[in-house]
Amino acid sequence: MSWDTGMPLLVLASSLLPGLVIFFLPEERVVTRTTLNLAGATLKLALVGVMIWGVLYGHHYETRLPILPGLDLVLRADPLSILFVALSSILWLVTTVYAIGYLEGSPNRSRFFGFFSLCVTATVGVALAGNLITFLLFYELLTLVTYPLIVHRGTEVARRAGRTYLFYTIAGGTLLLLGTVWLYTLAGSLDFTARGFLSGLDGAHHTALVIIFVLLIGGLGVKAALIPLHGWLPQAMVAPAPVSALLHAVAVVKAGAFGIMRVVYDVYGIQFAATLGVTLPLAIVAAVTIIYGSMRALFQDDLKRRLAFSTVSQVAYIVLGIAIVGPVATIGGLVHLVHQGVMKITLFFCAGNLAETLGIHKVSEMNGVGRRMPWTMAAFTIGTFGMIGAPPLAGFISKWYLGVGALDGGQGWVVFILAGSSLLNAGYFLPILYAAWFKAPPDSWPAERSFGRRETAWALLAPPVVTALLTLAAGLLASAPFSPLQWAHFITTLEYAL
Amino acid sequence: MPWLHWGVIAIVLPLAGAMSCFLWPRRAIPLGLVTALGIVACVAGLGWQLVEQGAQRYVVGGWGAPLGIDLYADGLSLLMLMATAAVGLGVSIYSIGYFNREKARYFWPLWMFLWAALNALFLSADIFNLYVTLELLGLAAVALVALAGGAEALTGAMRYLLVSLLGSLFYLLGVALLYHSSGSVDIAILAARVESSPAVWAAVGLISAGLLLKTALFPLHFWLPSTHASAPAPVSALLSALVVKASFYILLRLWLEIFPPTSAVLGQLLALLGAAAVLWGGLQALRQTRLKMLIAYSTVAQLGYLFLAFPLASITGWTGALYMLLSHAVAKTAIFMAVGNILYFGGHDRIADLDRVVQRLPLTVTAFALAGASIMGLPPSGGFIAKWLLLEAAIRSGQWWWGGILILGGLLSAAWVFKVVGYAFTRSRAPHESRAVPVGMEWSALAMSMVAILLGLFASWPLALMEIGLPFGGKGAE
């Protein structure tokens with residue numbers, strides 16, 4: 001096996017093997033476990049770095065394993081998968097550091113980190129899947145390995161959230177399976193191909209193709225938390241903060257959004273999807289989700305719940321970018337996949353810090369917290385301004401491309417959605433910032449832990465600061481080579497054959 | 001070398017094993033294990049032979065049909081033999097720790113005898129031999145059920161005995177009718193001679209009724225849950241994984257080879273009952289308060305899947321059903337082993353009190369969850385491949401509603417699997433009393449569940465073996 005065929009397997013193995021070993025480690029082997037975690041995450045990052053370089057220089061990374069007559073499991077690195085793999089492996093490293101700090105001294109850590117590694121393995125598998133059946137395999141695997149993380153605390157609330165999560169995701173997986181099999185019987189192939197492989201089937205199977213599209217998007221929309229399939233996400237915020245980070249930024253909702261990209265661009269092909277007439281309904285669903293998520297976020301006092309509804313809204317931007325047919329909007333959607341991840345993970349890290357250090361869970365408890373935890377709140381501030389779309393942060397780039405793309409594609413109404421959503425974003429984020437920075441702190445915090453002269457533990461503080469800097473960098477250095485924006489340009493030239 | 005046929009050894013070896021386990025009960029475990037390994041080797045040898053030379057017919061003692069006993073091995077038989085060998089080896093290893101010395105004396109000879117009956121059944125080439133082996137199988141199985149001792153097990157065994165005898169009786173009547181109208185019991189000869197006539201239809205009805213009773217297809221499943229739940233765990237595994245499949249195998253074989261081609265209505269009826277079984281079994285499983293009953297009802301549901309292939313009548317459908325049979329055999333064995341461990345450890349299988357037990361058995365819960373993933377058909381697992389093939393066949397034949405049943409059944413299975421696995425993630429105190437589970441029992445459960453998962457990654461190999469001798473290429477094909 002040459003390097004090029006083995007590479008995708010190595011990327012998977014770099015988190016799978018440490019994860020499996022960690023399951024068997026006794027609780028108290030903290031050093032071994034931490035070493036394994038960090039070594040795996042670093043190695044994965046290095047391997048992904050090599051792959052990025054390789055893809056740019058024309059290497060073809062592909063592994064195949066036949067599972068059924070005529071169907072292979074395919075792992076392949078193409079520009080789109082690189083976008084997602086790079087995002088998840090960078091954020092995985094950061095989240096691992098954070099999780100190590102966050103869970104210090106709590107029970108069942110070997111189990112937690114085992115599933116944590118499996119979760120990232122499944123995500124990378126989703127990213128590298130070269131056809132729909134491989135995608136389905138890792139997508140379902142992701143459901144299974146995330147469940148133990150959501151119910152990790154073992155409380156009744158956590159278990160209820162876990163059950164809701166399973167109910168939604170398993171039902172979604174079923175729709176996806178049905179659509180996939182049906183598609184296979186029609187097309188005889190499931191390999192992702194730039195600009196799709198279905199356009200030849202239109203005449204005879206028009207209705208079937210539309211129904212299959214609905215099935216596939218329905219299955220993927222559950223994880224992407226599109227309305228009305230979003231119900232599990234706000235409930236799942238009872239999970240520990242690193243898990244929320246994983247759900248909202250690295251793995252689960254991203255897998256859904258990424259899947260929608262794959263289906264629209266590489267199964268149907270964006271032009272063919274537009275001809276079928278399925279993109280406008282998708283855009284409308286996304287628009288409704290954006291506004292609805294923001295409206296709900298306005299009225300949440302629980303900080304993580306507010307962030308969860310904000311995710312519902314923000315992930316729909318990605319879908320909107322896909323559904324406005326046109327290269328500029330596509331760039332906006334693609335780049336928001338990365339930008340939303342970086343910004344949202346910052347916010348969840350900060351929320352976790354507030355909870356762990358001061359016992360703050362509610363927005364109404366955040367008065368004056370900026371003075372107690374300036375670094376955390378600075379990171380939080382960058383994250384929120386990014387979400388609102390203030391220049392020169394990452395979120396601005398996304399919204400700019402989405403807006404221009406909508407005008408390009410002749411869909412002016414989208415601009416109003418974007419503007420309205422930005423207003424709502426400001427409406428639910430700015431009061432937090434005002435309270436945190438300008439209101440007087442209370443006499444005592446709900447449950448304060450002392451960390452000496454530092455505001456909180458290093459392992460908790462460094463990750464949000466790093467991701468906040470990434471948010472800044474993604475905006476400021478958007479035109480530098482290897483920035484998410486440039487990579488999104490690269491993908492778009494392929495998908496539109498520009 | 002006609003005197004050295006792998007199939008014959010695969011039948012004689014477990015018989016010899018049964019005899020020696022019976023004669024030297026103190027050495028039963030090593031003798032049984034050596035026999036088990038020997039049988040696995042034989043099946044591997046037979047598989048190799050089939051791959052090299054295609055389907056095999058072997059005339060025992062040189063007499064030949066219609067007088068003598070013929071053995072016939074093709075891909076279908078091979079797959080059944082392989083499933084039996086895989087499950088058999090796992091159960092043998094598991095049983096070392098499970099049974100105490102007193103029980104082991106009885107278990108090993110009976111189990112070896114059961115294995116011999118199974119292998120003989122899968123290799124029989126005529127319908128009368130099938131009857132004989134079916135009867136032997138039933139008797140061995142009843143004795144094994146009674147092994148648990150106690151009133152519950154004995155009642156279960158007695159009910160099972162009556163059902164088993166009744167089923168065999170119906171089957172035998174059908175065989176007699178066929179013999180009377182066609183003058184032969186050899187499957188190949190019958191295949192050429194049978195025509196649509198009232199006598200043949202009566203025979204088909206009797207044979208089907210008998211076999212459906214033994215396969216516990218809804219609504220003839222009434223005897224299965226209590227019997228499977230009251231037996232010792234390794235025996236439950238054997239019953240669910242293999243014994244009910246044996247009568248299904250006969251039905252499938254006769255359907256493909258002998259039954260008149262106009263049995264389309266019967267096919268729809270079977271699938272309808274199968275669909276009812278999937279839904280009913282799934283719902284009943286969710287209502288159970290005891291874990292073994294839950295698993296037993298899930299077997300009822302899973303058996304229903306096998307019958308969905310009948311109206312699809314395509315090679316994809318048949319291979320899907322057969323793959324379902326294989327992966328269910330392996331996965332259900334793993335699950336019964338896991339449940340056995342839970343019972344062994346905590347002394348009970350009340351679902352509501354499981355939290356204190358399952359948290360202390362991480363390997364067992366992992367085995368349960370992995371095997372459960374296969375049962376509900378999540379990728380990558382054997383169950384997923386089977387579901388995929390059946391779905392594909394259903395959509396291709398335009399009968400998508402059978403696919404809907406598959407989907408619903410998967411959701412119902414997911415519900416019970418997670419109901420149980422969820423208990424591993426609760427906060428609970430240590431159990432009052434517990435008994436350490438032997439390492440071999442935990443690991444054999446895990447190993448079986450790993451096989452169920454691997455069946456999803458390396459499916460092309462068993463799928464290719466199935467096609468040897470084109471068992472589905474006859475009347476059953478498109």
# chains A, B, ... in the order shown; residues from 1 in each chain; ligands from 1
>>> interface_residues(of="chain A", to="chain B", cutoff="6 Å", atoms="only C-alpha atoms", output="ChimeraX atom specification")
/A:67-68,137,154,181
>>> residues_around(residues="Gly452 (chain A)", least_positions_apart="5", cutoff="12 Å", atoms="only C-alpha atoms", output="number ranges by chain")
A: 357, 457-458
>>> residues_around(residues="Leu279 (chain B)", least_positions_apart="3", cutoff="8 Å", atoms="only C-alpha atoms", output="PyMOL selection string")
chain B and resi 275-276+282-283+301+405+408-409+412
>>> write_last_selection(atoms="C-alpha atoms", output="PDB file, in the first residue's frame")
ATOM      1  CA  ALA B 275     -44.189  -8.046   8.694  1.00  0.00           C
ATOM      2  CA  ALA B 276     -46.650  -8.688  11.501  1.00  0.00           C
ATOM      3  CA  GLY B 282     -40.713  -5.298  18.323  1.00  0.00           C
ATOM      4  CA  LEU B 283     -43.594  -3.810  20.284  1.00  0.00           C
ATOM      5  CA  ALA B 301     -39.225  -9.832  15.226  1.00  0.00           C
ATOM      6  CA  ILE B 405     -41.407  -2.693   7.508  1.00  0.00           C
ATOM      7  CA  LEU B 408     -39.886   0.371  11.306  1.00  0.00           C
ATOM      8  CA  GLY B 409     -38.438  -2.847  12.668  1.00  0.00           C
ATOM      9  CA  LEU B 412     -38.190  -0.638  17.276  1.00  0.00           C
TER      10      LEU B 412
END
>>> residues_around(residues="Val40 (chain B)", least_positions_apart="4", cutoff="12 Å", atoms="only C-alpha atoms", output="list in words")
Trp6, Gly7, Ile9, Ala10, Ile11, Leu13, Pro14, Leu33, Val34, Thr35, Ala36, Ala44, Gly45, Leu46, Gly47, Leu78, Leu81, Met82, Ala83, Thr84, Ala85, Ala86, Val87, Gly88, Leu89, Gly90, Ser92, Trp115 and Asn119 of chain B
>>> write_last_selection(atoms="C-alpha atoms", output="short mmCIF file (atom, residue, chain, number, x, y, z; two decimals), in the first residue's frame")
data_model
loop_
_atom_site.label_atom_id
_atom_site.label_comp_id
_atom_site.auth_asym_id
_atom_site.auth_seq_id
_atom_site.Cartn_x
_atom_site.Cartn_y
_atom_site.Cartn_z
CA TRP B 6 -15.49 -32.96 4.70
CA GLY B 7 -19.26 -32.95 5.02
CA ILE B 9 -16.68 -35.67 8.92
CA ALA B 10 -18.62 -32.57 9.95
CA ILE B 11 -21.49 -34.87 10.92
CA LEU B 13 -17.13 -35.69 14.41
CA PRO B 14 -19.72 -34.04 16.69
CA LEU B 33 -13.49 -27.92 22.69
CA VAL B 34 -11.30 -30.16 20.56
CA THR B 35 -14.41 -31.37 18.74
CA ALA B 36 -15.60 -27.80 18.22
CA ALA B 44 -13.43 -24.54 6.48
CA GLY B 45 -12.26 -27.56 4.51
CA LEU B 46 -15.69 -28.02 2.97
CA GLY B 47 -15.79 -24.34 2.09
CA LEU B 78 -22.19 -23.82 3.44
CA LEU B 81 -22.73 -24.57 8.34
CA MET B 82 -20.51 -21.55 8.74
CA ALA B 83 -23.03 -19.71 10.89
CA THR B 84 -23.35 -22.85 13.00
CA ALA B 85 -19.60 -23.21 13.30
CA ALA B 86 -19.09 -19.57 14.31
CA VAL B 87 -21.88 -19.61 16.86
CA GLY B 88 -20.92 -23.10 18.01
CA LEU B 89 -17.32 -22.20 18.69
CA GLY B 90 -18.34 -19.07 20.58
CA SER B 92 -18.49 -23.69 23.43
CA TRP B 115 -24.45 -29.73 16.51
CA ASN B 119 -24.79 -30.17 10.35
#
>>> select_by_dssp(residues="region 408-456 of chain A", states="helix (DSSP H, G or I)", output="list in words")
Asp408, Trp413, Val414, Val415, Phe416, Ile417, Leu418, Ala419, Gly420, Ser421, Ser422, Leu423, Leu424, Asn425, Ala426, Gly427, Tyr428, Phe429, Leu430, Pro431, Ile432, Leu433, Tyr434, Ala435, Ala436, Trp437 and Phe438 of chain A
>>> atom_distance(atom1="CA of Leu134 (chain B)", atom2="CA of Val91 (chain B)")
20.9 Å
>>> residues_around(residues="Phe248 (chain B)", least_positions_apart="4", cutoff="10 Å", atoms="only C-alpha atoms", output="ChimeraX atom specification")
/B:208,211-212,214-217,242-244,252-254,303,306-307,325
>>> closest_residue(among="B:Gly382, B:Gly346, B:Gly281, B:Gly54", to="Ser434 (chain B)", atoms="only C-alpha atoms")
B:Gly346
>>> residues_around(residues="Phe336 (chain B)", least_positions_apart="3", cutoff="8 Å", atoms="only C-alpha atoms", output="mmCIF file with C-alpha atoms, in the first residue's frame")
data_model
loop_
_atom_site.group_PDB
_atom_site.id
_atom_site.type_symbol
_atom_site.label_atom_id
_atom_site.label_comp_id
_atom_site.auth_asym_id
_atom_site.auth_seq_id
_atom_site.Cartn_x
_atom_site.Cartn_y
_atom_site.Cartn_z
ATOM 1 C CA ALA B 233 -27.996 -18.422 28.392
ATOM 2 C CA PRO B 234 -25.779 -20.506 26.070
ATOM 3 C CA SER B 236 -30.944 -19.592 24.534
ATOM 4 C CA ALA B 237 -28.195 -18.427 22.210
ATOM 5 C CA LYS B 292 -34.365 -12.337 28.531
ATOM 6 C CA ILE B 295 -34.431 -10.546 23.758
ATOM 7 C CA LYS B 332 -28.139 -12.654 18.957
ATOM 8 C CA THR B 333 -25.611 -15.114 20.320
ATOM 9 C CA VAL B 339 -27.445 -11.174 29.141
ATOM 10 C CA GLY B 340 -26.060 -14.378 30.596
#
>>> residues_around(residues="region 327-344 of chain A", least_positions_apart="3", cutoff="7 Å", atoms="only C-alpha atoms", output="MDAnalysis selection string")
chainID A and resid 87 249:250 314 317:322 324 347:348 383 386:387 394:395 398:399 401:402 404:406 467:468 471 484:485 488:489 492 496
>>> atom_distance(atom1="CA of Lys44 (chain A)", atom2="CA of Ser89 (chain A)")
6.6 Å
>>> closest_residue(among="B:Asp349, B:Phe368, B:Pro462, B:Leu286", to="Ser413 (chain B)", atoms="only C-alpha atoms")
B:Leu286
>>> closest_residue(among="B:Asp126, B:Asp353, B:Glu152, B:Glu135", to="Ser184 (chain B)", atoms="only C-alpha atoms")
B:Asp126
>>> closest_residue(among="B:Ala153, B:Val142, B:Leu206, B:Val51", to="Leu173 (chain B)", atoms="only C-alpha atoms")
B:Leu206
>>> closest_residue(among="A:Val94, A:Leu233, A:Met373, A:Ala286", to="Thr311 (chain A)", atoms="only C-alpha atoms")
A:Leu233
